[in-house]
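Containing mmCIF, C-alpha atoms and all ligand atoms: start.cif.
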data_protein
loop_
_atom_site.group_PDB
_atom_site.id
_atom_site.type_symbol
_atom_site.label_atom_id
_atom_site.label_comp_id
_atom_site.auth_asym_id
_atom_site.auth_seq_id
_atom_site.Cartn_x
_atom_site.Cartn_y
_atom_site.Cartn_z
ATOM 1 C CA MET A 1 -9.650 9.584 9.645
ATOM 2 C CA ARG A 2 -12.831 9.719 7.624
ATOM 3 C CA LEU A 3 -13.967 7.758 4.634
ATOM 4 C CA THR A 4 -14.734 9.914 1.636
ATOM 5 C CA THR A 5 -17.173 8.628 -0.953
ATOM 6 C CA ARG A 6 -16.931 9.813 -4.530
ATOM 7 C CA TYR A 7 -19.169 9.006 -7.448
ATOM 8 C CA THR A 8 -16.819 9.707 -10.313
ATOM 9 C CA LEU A 9 -13.188 8.968 -10.949
ATOM 10 C CA ALA A 10 -11.605 11.748 -12.947
ATOM 11 C CA ASP A 11 -9.266 10.728 -15.761
ATOM 12 C CA ASP A 12 -6.413 12.776 -14.377
ATOM 13 C CA LEU A 13 -6.488 10.722 -11.198
ATOM 14 C CA LEU A 14 -5.453 7.769 -13.345
ATOM 15 C CA ASP A 15 -2.192 9.607 -14.031
ATOM 16 C CA CYS A 16 -1.529 9.825 -10.319
ATOM 17 C CA PRO A 17 0.993 7.360 -8.884
ATOM 18 C CA ALA A 18 0.223 5.957 -5.441
ATOM 19 C CA PRO A 19 2.510 8.338 -3.481
ATOM 20 C CA LYS A 20 0.578 11.310 -4.908
ATOM 21 C CA LEU A 21 -2.879 10.023 -4.021
ATOM 22 C CA PHE A 22 -2.890 11.520 -0.556
ATOM 23 C CA ASP A 23 -2.602 14.996 -2.028
ATOM 24 C CA ALA A 24 -5.328 14.223 -4.540
ATOM 25 C CA LEU A 25 -7.760 12.438 -2.223
ATOM 26 C CA GLY A 26 -6.900 13.551 1.289
ATOM 27 C CA GLY A 27 -7.538 10.141 2.826
ATOM 28 C CA PRO A 28 -9.172 6.743 2.322
ATOM 29 C CA THR A 29 -11.704 6.977 -0.474
ATOM 30 C CA LEU A 30 -14.478 4.742 -1.725
ATOM 31 C CA PHE A 31 -15.354 5.337 -5.346
ATOM 32 C CA ASP A 32 -18.921 4.292 -6.007
ATOM 33 C CA LEU A 33 -18.871 3.715 -9.752
ATOM 34 C CA THR A 34 -21.947 1.487 -9.735
ATOM 35 C CA ARG A 35 -24.216 4.112 -11.298
ATOM 36 C CA GLY A 36 -26.956 2.413 -9.311
ATOM 37 C CA LEU A 37 -26.469 -0.908 -11.128
ATOM 38 C CA PRO A 38 -26.653 -4.103 -9.097
ATOM 39 C CA ASN A 39 -23.930 -6.687 -8.445
ATOM 40 C CA PRO A 40 -20.841 -4.545 -8.983
ATOM 41 C CA LEU A 41 -17.291 -5.701 -8.573
ATOM 42 C CA PHE A 42 -15.702 -4.594 -5.335
ATOM 43 C CA VAL A 43 -12.001 -3.825 -5.739
ATOM 44 C CA SER A 44 -9.673 -2.666 -2.982
ATOM 45 C CA VAL A 45 -6.151 -1.350 -3.363
ATOM 46 C CA LEU A 46 -3.450 0.144 -1.154
ATOM 47 C CA GLN A 47 -4.587 -1.320 2.127
ATOM 48 C CA HIS A 48 -0.840 -1.563 2.464
ATOM 49 C CA GLY A 49 0.626 1.724 1.365
ATOM 50 C CA ASN A 50 3.777 0.301 -0.187
ATOM 51 C CA GLU A 51 1.878 -2.248 -2.300
ATOM 52 C CA VAL A 52 1.161 -0.109 -5.314
ATOM 53 C CA SER A 53 0.588 -2.699 -8.044
ATOM 54 C CA GLY A 54 -3.141 -2.917 -7.313
ATOM 55 C CA TRP A 55 -3.567 0.794 -7.901
ATOM 56 C CA ASP A 56 -1.307 0.642 -10.965
ATOM 57 C CA GLY A 57 -3.377 -2.277 -12.249
ATOM 58 C CA VAL A 58 -6.589 -0.290 -11.744
ATOM 59 C CA ARG A 59 -5.047 2.624 -13.643
ATOM 60 C CA MET A 60 -4.186 0.331 -16.565
ATOM 61 C CA PHE A 61 -7.585 -1.305 -16.423
ATOM 62 C CA LEU A 62 -9.549 1.945 -16.457
ATOM 63 C CA ALA A 63 -7.327 3.952 -18.822
ATOM 64 C CA GLY A 64 -9.207 4.814 -21.962
ATOM 65 C CA ARG A 65 -12.371 2.950 -21.052
ATOM 66 C CA GLY A 66 -15.400 3.503 -18.893
ATOM 67 C CA ALA A 67 -15.446 1.725 -15.574
ATOM 68 C CA PRO A 68 -17.730 -1.276 -15.276
ATOM 69 C CA PRO A 69 -20.136 -1.047 -12.343
ATOM 70 C CA MET A 70 -17.728 -1.230 -9.456
ATOM 71 C CA LEU A 71 -16.851 -0.061 -6.000
ATOM 72 C CA LEU A 72 -13.211 0.882 -5.734
ATOM 73 C CA TYR A 73 -11.756 1.312 -2.272
ATOM 74 C CA VAL A 74 -8.438 3.157 -2.152
ATOM 75 C CA GLY A 75 -7.103 2.549 1.337
ATOM 76 C CA ASN A 76 -4.010 3.778 3.074
ATOM 77 C CA VAL A 77 -3.000 6.677 0.847
ATOM 78 C CA GLU A 78 -1.278 8.359 3.780
ATOM 79 C CA ALA A 79 1.192 5.488 4.134
ATOM 80 C CA ALA A 80 1.455 5.291 0.335
ATOM 81 C CA ARG A 81 2.780 8.849 0.329
ATOM 82 C CA SER A 82 5.978 7.623 1.968
ATOM 83 C CA GLY A 83 5.897 4.133 0.488
ATOM 84 C CA GLU A 84 5.199 2.425 3.802
ATOM 85 C CA ARG A 85 2.975 -0.509 4.554
ATOM 86 C CA THR A 86 1.435 1.125 7.633
ATOM 87 C CA LEU A 87 2.449 4.285 9.471
ATOM 88 C CA ALA A 88 3.624 4.162 13.073
ATOM 89 C CA HIS A 89 0.437 5.775 14.414
ATOM 90 C CA GLN A 90 -1.837 3.450 12.447
ATOM 91 C CA ARG A 91 -3.136 -0.061 12.721
ATOM 92 C CA ASP A 92 -2.646 -2.275 9.714
ATOM 93 C CA PHE A 93 -5.616 -1.492 7.434
ATOM 94 C CA ASN A 94 -5.981 -5.142 6.509
ATOM 95 C CA ARG A 95 -6.061 -6.354 10.095
ATOM 96 C CA ALA A 96 -8.987 -4.203 11.095
ATOM 97 C CA TRP A 97 -12.013 -5.833 9.459
ATOM 98 C CA ASN A 98 -13.120 -7.890 12.442
ATOM 99 C CA GLY A 99 -14.351 -5.090 14.631
ATOM 100 C CA GLY A 100 -12.884 -2.926 17.333
ATOM 101 C CA ASP A 101 -12.746 0.774 18.070
ATOM 102 C CA SER A 102 -9.580 1.855 16.299
ATOM 103 C CA PRO A 103 -9.941 4.457 13.541
ATOM 104 C CA GLU A 104 -8.955 1.745 11.055
ATOM 105 C CA ALA A 105 -11.663 -0.583 12.362
ATOM 106 C CA ARG A 106 -14.282 2.152 12.108
ATOM 107 C CA LEU A 107 -13.182 2.832 8.569
ATOM 108 C CA ALA A 108 -13.372 -0.862 7.697
ATOM 109 C CA ARG A 109 -16.861 -0.996 9.163
ATOM 110 C CA GLN A 110 -18.014 1.923 7.002
ATOM 111 C CA VAL A 111 -16.614 0.318 3.859
ATOM 112 C CA THR A 112 -18.155 -3.048 4.740
ATOM 113 C CA HIS A 113 -21.524 -1.478 5.322
ATOM 114 C CA TYR A 114 -21.456 0.344 2.021
ATOM 115 C CA ALA A 115 -20.329 -2.776 0.170
ATOM 116 C CA MET A 116 -23.018 -4.967 1.726
ATOM 117 C CA GLU A 117 -25.702 -2.606 0.521
ATOM 118 C CA ALA A 118 -24.329 -2.778 -3.023
ATOM 119 C CA ARG A 119 -24.335 -6.615 -3.017
ATOM 120 C CA PRO A 120 -21.071 -7.121 -4.928
ATOM 121 C CA ARG A 121 -20.762 -10.206 -7.095
ATOM 122 C CA LEU A 122 -17.066 -10.554 -6.204
ATOM 123 C CA ALA A 123 -14.612 -8.754 -3.933
ATOM 124 C CA ILE A 124 -11.011 -8.522 -5.124
ATOM 125 C CA ASP A 125 -8.389 -7.240 -2.685
ATOM 126 C CA LEU A 126 -5.159 -6.425 -4.495
ATOM 127 C CA HIS A 127 -1.785 -6.717 -2.770
ATOM 128 C CA ASN A 128 1.879 -7.223 -3.478
ATOM 129 C CA ASN A 129 3.972 -9.756 -1.720
ATOM 130 C CA THR A 130 7.143 -8.303 -0.358
ATOM 131 C CA GLY A 131 9.359 -11.310 -0.894
ATOM 132 C CA ALA A 132 10.260 -13.326 -3.960
ATOM 133 C CA ASN A 133 7.078 -15.378 -4.155
ATOM 134 C CA PRO A 134 5.160 -16.650 -7.124
ATOM 135 C CA HIS A 135 1.827 -14.865 -7.572
ATOM 136 C CA TYR A 136 -1.048 -16.551 -5.799
ATOM 137 C CA SER A 137 -4.331 -15.865 -4.117
ATOM 138 C CA VAL A 138 -5.295 -15.970 -0.472
ATOM 139 C CA LEU A 139 -8.597 -17.563 0.429
ATOM 140 C CA THR A 140 -10.544 -17.812 3.621
ATOM 141 C CA ASP A 141 -13.418 -19.755 2.101
ATOM 142 C CA LEU A 142 -13.221 -22.831 -0.119
ATOM 143 C CA GLY A 143 -16.602 -22.459 -1.800
ATOM 144 C CA ALA A 144 -16.696 -23.156 -5.547
ATOM 145 C CA GLN A 145 -16.890 -19.471 -6.478
ATOM 146 C CA CYS A 146 -14.008 -18.407 -4.268
ATOM 147 C CA LEU A 147 -11.964 -21.276 -5.703
ATOM 148 C CA GLY A 148 -12.974 -20.297 -9.233
ATOM 149 C CA ALA A 149 -12.073 -16.663 -8.680
ATOM 150 C CA ALA A 150 -8.719 -17.793 -7.293
ATOM 151 C CA LEU A 151 -8.000 -20.250 -10.104
ATOM 152 C CA ALA A 152 -8.595 -17.514 -12.670
ATOM 153 C CA PHE A 153 -5.540 -15.827 -11.178
ATOM 154 C CA SER A 154 -3.233 -18.707 -10.271
ATOM 155 C CA ARG A 155 -3.241 -22.407 -9.521
ATOM 156 C CA LEU A 156 -1.492 -21.548 -6.270
ATOM 157 C CA ALA A 157 -3.561 -20.483 -3.311
ATOM 158 C CA LEU A 158 -3.031 -20.011 0.363
ATOM 159 C CA LEU A 159 -5.768 -20.750 2.821
ATOM 160 C CA ALA A 160 -5.367 -18.002 5.393
ATOM 161 C CA GLN A 161 -5.016 -19.432 8.845
ATOM 162 C CA HIS A 162 -4.047 -16.423 10.870
ATOM 163 C CA ARG A 163 -7.371 -14.709 10.449
ATOM 164 C CA ASP A 164 -6.635 -11.542 12.209
ATOM 165 C CA GLY A 165 -9.129 -9.219 10.616
ATOM 166 C CA ILE A 166 -8.467 -9.426 6.897
ATOM 167 C CA GLN A 167 -10.989 -7.944 4.496
ATOM 168 C CA THR A 168 -11.454 -11.063 2.410
ATOM 169 C CA GLU A 169 -12.688 -13.062 5.368
ATOM 170 C CA ARG A 170 -15.140 -10.353 6.381
ATOM 171 C CA PHE A 171 -16.455 -10.065 2.833
ATOM 172 C CA THR A 172 -16.984 -13.802 2.348
ATOM 173 C CA GLU A 173 -19.836 -13.371 4.786
ATOM 174 C CA PHE A 174 -21.809 -11.693 1.999
ATOM 175 C CA CYS A 175 -20.045 -12.321 -1.353
ATOM 176 C CA PRO A 176 -17.278 -14.416 -2.918
ATOM 177 C CA ALA A 177 -13.974 -12.780 -2.058
ATOM 178 C CA VAL A 178 -10.346 -13.279 -2.894
ATOM 179 C CA THR A 179 -7.061 -11.612 -2.054
ATOM 180 C CA LEU A 180 -4.599 -11.480 -4.938
ATOM 181 C CA GLU A 181 -0.908 -11.367 -4.126
ATOM 182 C CA THR A 182 0.168 -10.086 -7.501
ATOM 183 C CA GLY A 183 3.941 -10.392 -7.100
ATOM 184 C CA ARG A 184 6.662 -8.021 -6.056
ATOM 185 C CA VAL A 185 6.370 -4.272 -5.881
ATOM 186 C CA GLY A 186 8.434 -2.857 -8.707
ATOM 187 C CA ASP A 187 7.870 -5.823 -10.991
ATOM 188 C CA PRO A 188 5.774 -4.366 -13.832
ATOM 189 C CA GLY A 189 4.284 -7.832 -14.260
ATOM 190 C CA SER A 190 2.480 -7.415 -10.938
ATOM 191 C CA ALA A 191 0.378 -4.479 -12.134
ATOM 192 C CA ARG A 192 -0.205 -6.163 -15.494
ATOM 193 C CA ARG A 193 -1.502 -9.269 -13.745
ATOM 194 C CA ALA A 194 -3.850 -7.141 -11.659
ATOM 195 C CA ALA A 195 -5.134 -5.317 -14.745
ATOM 196 C CA ALA A 196 -5.616 -8.537 -16.706
ATOM 197 C CA TYR A 197 -7.563 -10.048 -13.852
ATOM 198 C CA LEU A 198 -9.830 -7.007 -13.584
ATOM 199 C CA ARG A 199 -10.463 -7.087 -17.345
ATOM 200 C CA ALA A 200 -11.490 -10.728 -17.091
ATOM 201 C CA ALA A 201 -13.569 -10.256 -13.950
ATOM 202 C CA ALA A 202 -15.430 -7.321 -15.441
ATOM 203 C CA LYS A 203 -16.769 -9.667 -18.132
ATOM 204 C CA TRP A 204 -17.942 -12.415 -15.784
ATOM 205 C CA ARG A 205 -21.694 -12.530 -15.539
ATOM 206 C CA GLU A 206 -21.349 -15.454 -13.179
ATOM 207 C CA ILE A 207 -18.310 -15.955 -11.020
ATOM 208 C CA PRO A 208 -16.472 -19.011 -12.394
ATOM 209 C CA GLN A 209 -16.533 -22.091 -10.229
ATOM 210 C CA ALA A 210 -13.711 -24.508 -9.578
ATOM 211 C CA SER A 211 -13.156 -27.592 -7.492
ATOM 212 C CA PHE A 212 -10.518 -27.890 -4.826
ATOM 213 C CA ALA A 213 -8.573 -30.450 -6.883
ATOM 214 C CA GLU A 214 -7.882 -27.866 -9.599
ATOM 215 C CA LEU A 215 -5.725 -25.782 -7.280
ATOM 216 C CA THR A 216 -2.681 -26.327 -5.134
ATOM 217 C CA VAL A 217 -3.686 -25.023 -1.758
ATOM 218 C CA TYR A 218 -1.331 -24.415 1.115
ATOM 219 C CA ARG A 219 -2.014 -23.335 4.629
ATOM 220 C CA ASN A 220 0.097 -20.882 6.518
ATOM 221 C CA GLU A 221 0.221 -22.959 9.635
ATOM 222 C CA VAL A 222 2.954 -21.172 11.457
ATOM 223 C CA ARG A 223 3.842 -17.516 11.721
ATOM 224 C CA VAL A 224 7.431 -16.553 12.436
ATOM 225 C CA ALA A 225 7.736 -13.165 14.093
ATOM 226 C CA ILE A 226 10.765 -11.232 15.235
ATOM 227 C CA GLU A 227 11.242 -10.968 18.987
ATOM 228 C CA ASP A 228 14.576 -9.202 19.071
ATOM 229 C CA GLY A 229 14.041 -5.545 18.161
ATOM 230 C CA ASP A 230 17.621 -5.275 16.895
ATOM 231 C CA ALA A 231 17.124 -7.888 14.207
ATOM 232 C CA ASP A 232 18.503 -7.039 10.787
ATOM 233 C CA PHE A 233 19.799 -8.566 7.593
ATOM 234 C CA THR A 234 23.394 -7.764 8.439
ATOM 235 C CA ALA A 235 25.946 -10.251 9.696
ATOM 236 C CA ASP A 236 26.706 -8.287 12.876
ATOM 237 C CA ALA A 237 23.091 -7.691 13.987
ATOM 238 C CA PRO A 238 22.123 -9.196 17.362
ATOM 239 C CA LEU A 239 19.633 -11.283 15.433
ATOM 240 C CA ALA A 240 21.307 -11.681 12.060
ATOM 241 C CA LEU A 241 18.718 -12.717 9.470
ATOM 242 C CA ARG A 242 19.558 -14.231 6.105
ATOM 243 C CA ALA A 243 18.220 -12.319 3.112
ATOM 244 C CA GLU A 244 18.931 -15.246 0.805
ATOM 245 C CA LEU A 245 16.202 -17.332 2.454
ATOM 246 C CA GLU A 246 13.741 -15.258 0.466
ATOM 247 C CA GLN A 247 14.581 -17.447 -2.509
ATOM 248 C CA TYR A 248 13.076 -20.421 -0.711
ATOM 249 C CA ASN A 249 9.537 -19.099 -0.608
ATOM 250 C CA PHE A 250 7.269 -21.953 -1.714
ATOM 251 C CA GLU A 251 10.268 -24.306 -1.703
ATOM 252 C CA ARG A 252 11.287 -26.898 0.839
ATOM 253 C CA LEU A 253 13.978 -25.964 3.341
ATOM 254 C CA GLU A 254 15.455 -29.013 5.029
ATOM 255 C CA ALA A 255 16.016 -29.472 8.744
ATOM 256 C CA GLY A 256 19.496 -28.424 9.782
ATOM 257 C CA ASN A 257 19.544 -25.301 7.627
ATOM 258 C CA LEU A 258 20.905 -22.116 9.149
ATOM 259 C CA PHE A 259 17.985 -19.746 9.685
ATOM 260 C CA ALA A 260 19.613 -16.880 11.610
ATOM 261 C CA ARG A 261 22.543 -16.100 13.892
ATOM 262 C CA ARG A 262 22.742 -14.872 17.486
ATOM 263 C CA PRO A 263 25.642 -13.285 19.345
ATOM 264 C CA THR A 264 27.937 -15.476 21.444
ATOM 265 C CA GLY A 265 26.316 -16.187 24.770
ATOM 266 C CA ALA A 266 22.726 -15.631 23.615
ATOM 267 C CA THR A 267 20.306 -18.033 25.232
ATOM 268 C CA ASP A 268 17.145 -17.408 23.246
ATOM 269 C CA ILE A 269 16.264 -17.718 19.580
ATOM 270 C CA GLY A 270 15.144 -14.106 19.021
ATOM 271 C CA LEU A 271 12.251 -15.322 16.900
ATOM 272 C CA ARG A 272 8.855 -16.662 17.844
ATOM 273 C CA ALA A 273 6.958 -19.268 15.877
ATOM 274 C CA THR A 274 3.273 -19.580 16.698
ATOM 275 C CA ASP A 275 0.486 -21.659 15.234
ATOM 276 C CA VAL A 276 -3.047 -20.548 14.484
ATOM 277 C CA SER A 277 -4.164 -21.083 18.061
ATOM 278 C CA GLY A 278 -1.269 -18.964 19.311
ATOM 279 C CA ALA A 279 0.639 -21.951 20.678
ATOM 280 C CA ASP A 280 4.362 -21.288 20.839
ATOM 281 C CA LEU A 281 6.234 -23.644 18.504
ATOM 282 C CA THR A 282 9.564 -21.825 18.592
ATOM 283 C CA ASP A 283 11.403 -24.730 20.176
ATOM 284 C CA PHE A 284 9.742 -27.192 17.835
ATOM 285 C CA TYR A 285 11.056 -25.436 14.727
ATOM 286 C CA PHE A 286 14.301 -23.871 15.903
ATOM 287 C CA GLU A 287 17.283 -24.750 17.987
ATOM 288 C CA LEU A 288 20.199 -22.615 19.051
ATOM 289 C CA ARG A 289 23.518 -24.379 18.574
ATOM 290 C CA GLY A 290 26.379 -22.087 19.543
ATOM 291 C CA THR A 291 25.493 -18.914 17.655
ATOM 292 C CA ASP A 292 23.530 -20.691 14.934
ATOM 293 C CA VAL A 293 19.749 -20.711 14.865
ATOM 294 C CA LEU A 294 19.024 -23.941 12.995
ATOM 295 C CA LEU A 295 15.837 -25.436 11.634
ATOM 296 C CA ARG A 296 14.823 -28.591 13.465
ATOM 297 C CA GLU A 297 12.125 -29.483 10.946
ATOM 298 C CA PRO A 298 11.814 -29.242 7.175
ATOM 299 C CA VAL A 299 9.614 -26.261 6.259
ATOM 300 C CA TYR A 300 7.998 -24.542 3.276
ATOM 301 C CA PRO A 301 8.442 -20.810 3.920
ATOM 302 C CA SER A 302 6.144 -18.277 2.358
ATOM 303 C CA MET A 303 6.152 -14.484 2.378
ATOM 304 C CA TYR A 304 9.674 -14.475 3.749
ATOM 305 C CA THR A 305 10.572 -10.825 3.422
ATOM 306 C CA ARG A 306 13.923 -9.101 3.521
ATOM 307 C CA ASP A 307 12.270 -5.755 4.102
ATOM 308 C CA ILE A 308 13.198 -5.347 7.749
ATOM 309 C CA SER A 309 10.448 -2.841 8.553
ATOM 310 C CA VAL A 310 7.788 -5.182 7.139
ATOM 311 C CA ALA A 311 9.374 -8.092 8.980
ATOM 312 C CA ARG A 312 9.249 -6.165 12.242
ATOM 313 C CA GLN A 313 5.756 -4.742 11.744
ATOM 314 C CA ASP A 314 4.100 -7.895 10.476
ATOM 315 C CA CYS A 315 6.204 -11.015 10.442
ATOM 316 C CA LEU A 316 9.344 -12.459 8.916
ATOM 317 C CA CYS A 317 7.633 -15.360 7.143
ATOM 318 C CA TYR A 318 5.171 -18.178 7.464
ATOM 319 C CA PHE A 319 5.739 -21.900 7.278
ATOM 320 C CA MET A 320 3.211 -23.554 4.995
ATOM 321 C CA THR A 321 1.871 -27.060 4.733
ATOM 322 C CA PRO A 322 -0.018 -28.493 1.770
ATOM 323 C CA TYR A 323 -3.701 -28.463 2.647
ATOM 324 C CA HIS A 324 -5.964 -31.464 2.180
ATOM 325 C CA PRO A 325 -9.545 -30.926 3.237
HETATM 326 ZN ZN ZN B 1 -0.568 -6.524 1.578
#
Go ahead and express the file in the form of structure tokens.
Ligand SMILES: [Zn+2]
Amino acid sequence: MRLTTRYTLADDLLDCPAPKLFDALGGPTLFDLTRGLPNPLFVSVLQHGNEVSGWDGVRMFLAGRGAPPMLLYVGNVEAARSGERTLAHQRDFNRAWNGGDSPEARLARQVTHYAMEARPRLAIDLHNNTGANPHYSVLTDLGAQCLGAALAFSRLALLAQHRDGIQTERFTEFCPAVTLETGRVGDPGSARRAAAYLRAAAKWREIPQASFAELTVYRNEVRVAIEDGDADFTADAPLALRAELEQYNFERLEAGNLFARRPTGATDIGLRATDVSGADLTDFYFELRGTDVLLREPVYPSMYTRDISVARQDCLCYFMTPYHP
């Protein structure tokens, strides 16, 4: 897998929906639209191939106008072809920015190197959330510019705690950076939000600044992953998950709530909850009573997804806590 660099973005590419980009581009592509000008915007889309609203937002943003000085990284077009987050033979593109020897890590290194040279004034990584979540940003740095860039999108922000190689963290080493979770795939509002943000950001001479108190910041303290490979959102699955919990993203779920079901005679939960340090908190958060997997603690879920392939590949959800520095 090689990174291709292009210096123009043809208008007809803007007519190309994400699943067609692989045919048009052949692989991950960095568009250098800086025209040699300093302090461009850096925008990345499709690090997750099924999250098309970033690309759709870029199409809306650029349609009928010249691009501002920007670097545009179009990531996993191969997975986008089949509408998947990541293909089976790949590593997650947005978990590969902290080094390593995988093809995805080498690619991330090339993009980082190119971006550093261009000295971007802001890096914007566009994603969709897969569950029913409000739109929000993800931060790894609470500097005034990162907070300002986040607040321009939403009052809600998540401070990423499971820092397993995401682009935004890598980029905050040399510029303000923010991940925007624009909303669900398929909600036209998600692409519109992305486009509106890019229009605003293109006009910023200085990145706006904000204070922590202006935002509501949560931390994803706990990651809930699926242990039982036969998990599904059907009542008869060996780990029967509950699709309706998706509605509780960013809401409080009380202790005692049914979280999943196990077959009669099961002795383990089938899920694993871990904190940032990797400590296993499964038994702190869950108990098995008969066939019911119950919550032992009140939680604020986020990113709970009922897309079983995403849940298996990445995780089922996080449990958040309000963050106070
Ligand atoms: Zn994503």
Nearby residues, ligand ZN 1 (chain B), 12 Å, only C-alpha atoms and all ligand atoms, as a ChimeraX atom specification: /A:44-54,75-76,84-86,92-95,125-131,137-138,166-168,179-185,303,310,314
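If you count all atoms listed in the file and ignore residues fewer than 3 places along the chain from region 150-165 of chain A, what sits within 6 Å of it is Arg95, Ala96, Trp97, Asn98, Tyr136, Ser137, Val138, Leu139, Thr140, Leu147, Leu215, Thr216, Val217, Tyr218, Arg219, Asn220 and Val276 of chain A.
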Store the residues picked out above in a file with C-alpha atoms, as a compact mmCIF listing (two decimals), in the coordinates of the input.
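The result, written out as result.txt:
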# COMPACT_ATOMS: atom_id res chain seq x y z
CA ARG A 95 -6.06 -6.35 10.10
CA ALA A 96 -8.99 -4.20 11.10
CA TRP A 97 -12.01 -5.83 9.46
CA ASN A 98 -13.12 -7.89 12.44
CA TYR A 136 -1.05 -16.55 -5.80
CA SER A 137 -4.33 -15.86 -4.12
CA VAL A 138 -5.30 -15.97 -0.47
CA LEU A 139 -8.60 -17.56 0.43
CA THR A 140 -10.54 -17.81 3.62
CA LEU A 147 -11.96 -21.28 -5.70
CA LEU A 215 -5.72 -25.78 -7.28
CA THR A 216 -2.68 -26.33 -5.13
CA VAL A 217 -3.69 -25.02 -1.76
CA TYR A 218 -1.33 -24.42 1.12
CA ARG A 219 -2.01 -23.34 4.63
CA ASN A 220 0.10 -20.88 6.52
CA VAL A 276 -3.05 -20.55 14.48
Shell of 10 Å around Ala266 (chain A), all atoms listed in the file, local chain residues under 5 positions omitted, as JSON, numbers by chain: {"A": [238, 239, 261, 288, 290, 291]}
Picked residues, the PyMOL selection byres (((chain A and resi 143) around 12) and not hetatm), as a PyMOL selection string: chain A and resi 139-142+144-150+159+172-173+175-178+207-212
Keeping C-alpha atoms for every residue in the selection just given, could you write it to a file as a compact mmCIF listing (two decimals), in the frame of the given file?
# COMPACT_ATOMS: atom_id res chain seq x y z
CA LEU A 139 -8.60 -17.56 0.43
CA THR A 140 -10.54 -17.81 3.62
CA ASP A 141 -13.42 -19.76 2.10
CA LEU A 142 -13.22 -22.83 -0.12
CA ALA A 144 -16.70 -23.16 -5.55
CA GLN A 145 -16.89 -19.47 -6.48
CA CYS A 146 -14.01 -18.41 -4.27
CA LEU A 147 -11.96 -21.28 -5.70
CA GLY A 148 -12.97 -20.30 -9.23
CA ALA A 149 -12.07 -16.66 -8.68
CA ALA A 150 -8.72 -17.79 -7.29
CA LEU A 159 -5.77 -20.75 2.82
CA THR A 172 -16.98 -13.80 2.35
CA GLU A 173 -19.84 -13.37 4.79
CA CYS A 175 -20.05 -12.32 -1.35
CA PRO A 176 -17.28 -14.42 -2.92
CA ALA A 177 -13.97 -12.78 -2.06
CA VAL A 178 -10.35 -13.28 -2.89
CA ILE A 207 -18.31 -15.96 -11.02
CA PRO A 208 -16.47 -19.01 -12.39
CA GLN A 209 -16.53 -22.09 -10.23
CA ALA A 210 -13.71 -24.51 -9.58
CA SER A 211 -13.16 -27.59 -7.49
CA PHE A 212 -10.52 -27.89 -4.83
For Arg192 (chain A), the nearest of the candidates A:Met60, A:Ala213, A:Ala231, A:Ala237, counting all atoms listed in the file: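 Among A:Met60, A:Ala213, A:Ala231, A:Ala237, it is A:Met60 that comes nearest to Arg192 (chain A).
Each of A:Pro134, A:Gly270, A:Pro322, A:Gly27 was checked against Glu78 (chain A) using all atoms listed in the file; the smallest atom-to-atom distance is that of A:Gly27.
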Explicit residue set for the PyMOL selection byres (((chain A and resi 114) around 12) and not hetatm), as a PyMOL selection string: chain A and resi 3-5+30-32+34+42+71-73+107-113+115-120+171
Spatial neighbours of Val77 (chain A), max dist 6 Å, all atoms listed in the file, sep filter under 2 positions, as an NGL selection string: :A and (21-22 or 75 or 79-80)
Atomic separation - CA of Arg223 (chain A) relative to CA of Pro263 (chain A), Å: 23.5 Å
Let me know the centre plus edge lengths, in Å and rounded to one decimal, of a box with edges along x, y and z that contains all listed atoms of region 161-176 of chain A and is padded by 8 Å on every side, as JSON.
{"center_x": -12.9, "center_y": -13.7, "center_z": 4.6, "size_x": 33.8, "size_y": 27.5, "size_z": 31.1}
For CA of Arg262 (chain A) and CA of Phe250 (chain A), the interatomic separation in Å (one decimal):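 According to the coordinates, CA of Arg262 (chain A) and CA of Phe250 (chain A) are separated by 25.7 Å.
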